[in-house]
Amino acid sequence: MSDAIDPDRIDRAVEHALTRRKDYGEERLDEGQLAPDPFVQFDRWLAEADDRGVYEPNAMVLGTIGADGTPSSRTVLLRGVDDRGFVFYTDRSSRKGLALAANPTATLLFPWYLIHRQVIVTGAAATVDDDESDAYWATRPYGSRIAATASRQSRPIGSRAELEERVRELEEEYSGVDDIRRPERWGGYRLHPWRIEFWQGRTSRLHDRLVFERDADAGPGSPWRVERLQP
């Protein structure tokens, strides 16, 4: 059997992907449905996304701006949310970590395509304290802690084999030991939002967009303004 890919089949599939149309239905988001607190509203939608089968509903696209002004996006996982903000963890020496050190303003996008919803968060990220990072680190699976210790995230490496050799060395070092030290370079961030947009897809692209906004320097508990945006 030939492993060659049929160019015509690829062309047809690409054309279909670029020209397909899907109606997003009649599910709506009205001002009367909206919780007065955006974090309460977010919790409702996150729970619904989970209940309705959205794959990894806590996955979010983190957008940052590097020291040279270059934007960058990647998917990370939400690991905490309360009225102080949205928490995620990563290697702080990675590309995203260096970008946040240079410019803490960032965005989070929750792309719940299956249910025709998205949430877009804008705010400033700050590192969480060591105790909070340690507490989360301790909940991570053994393999994830080994991998995070072995990998210098975003740095070049000669081969996959070199990375796997680092993992084997750490597995030998920590053989029979579950208490793997959290690397100093690894820890959490909390994004303190000043803007949270809830987007509900509607028929004919007449989507509902309701935005909570407050001053950028406002702290937890500060009042929010709500407005509707045109789609």
# chains A, B, ... in the order shown; residues from 1 in each chain; ligands from 1
call {"tool": "select_by_dssp", "arguments": {"residues": "stretch 16-149 of chain A", "states": "strand (DSSP E)", "output": "PyMOL selection string"}}
result
chain A and resi 59-65+71-77+80-82+85-91+105-112+117-127
call {"tool": "residues_around", "arguments": {"residues": "A:Gly25", "least_positions_apart": "2", "cutoff": "6 Å", "atoms": "only C-alpha atoms", "output": "MDAnalysis selection string"}}
result
chainID A and resid 23 27 202:203
call {"tool": "write_last_selection", "arguments": {"atoms": "N, CA, C and O atoms", "output": "compact mmCIF listing (two decimals), in the first residue's frame"}}
result
# COMPACT_ATOMS: atom_id res chain seq x y z
N ASP A 23 -24.55 27.13 11.32
CA ASP A 23 -25.41 28.04 12.06
C ASP A 23 -25.25 27.75 13.55
O ASP A 23 -25.26 26.60 13.97
N GLU A 27 -29.54 29.63 20.99
CA GLU A 27 -29.20 29.84 22.39
C GLU A 27 -28.72 31.28 22.56
O GLU A 27 -27.92 31.77 21.77
N ARG A 202 -24.79 33.02 17.75
CA ARG A 202 -26.20 33.08 17.39
C ARG A 202 -26.37 32.90 15.89
O ARG A 202 -25.41 32.98 15.11
N THR A 203 -27.61 32.70 15.47
CA THR A 203 -27.94 32.54 14.06
C THR A 203 -27.52 33.76 13.24
O THR A 203 -27.63 34.90 13.70
call {"tool": "atom_distance", "arguments": {"atom1": "atom CA of A:Phe212", "atom2": "atom CA of A:Tyr55"}}
result
25.9 Å
call {"tool": "closest_residue", "arguments": {"among": "A:Val119, A:Ala59, A:Val167, A:Ala126", "to": "A:Thr105", "atoms": "only C-alpha atoms"}}
result
A:Ala126
call {"tool": "closest_residue", "arguments": {"among": "A:Tyr113, A:Arg182, A:Trp137, A:Glu31", "to": "A:Leu229", "atoms": "only C-alpha atoms"}}
result
A:Glu31
call {"tool": "closest_residue", "arguments": {"among": "A:Ala148, A:Arg181, A:Thr75, A:His192", "to": "A:Arg166", "atoms": "only C-alpha atoms"}}
result
A:Ala148
call {"tool": "closest_residue", "arguments": {"among": "A:Glu48, A:Asp83, A:Asp8, A:Glu56", "to": "A:Gly219", "atoms": "only C-alpha atoms"}}
result
A:Asp83
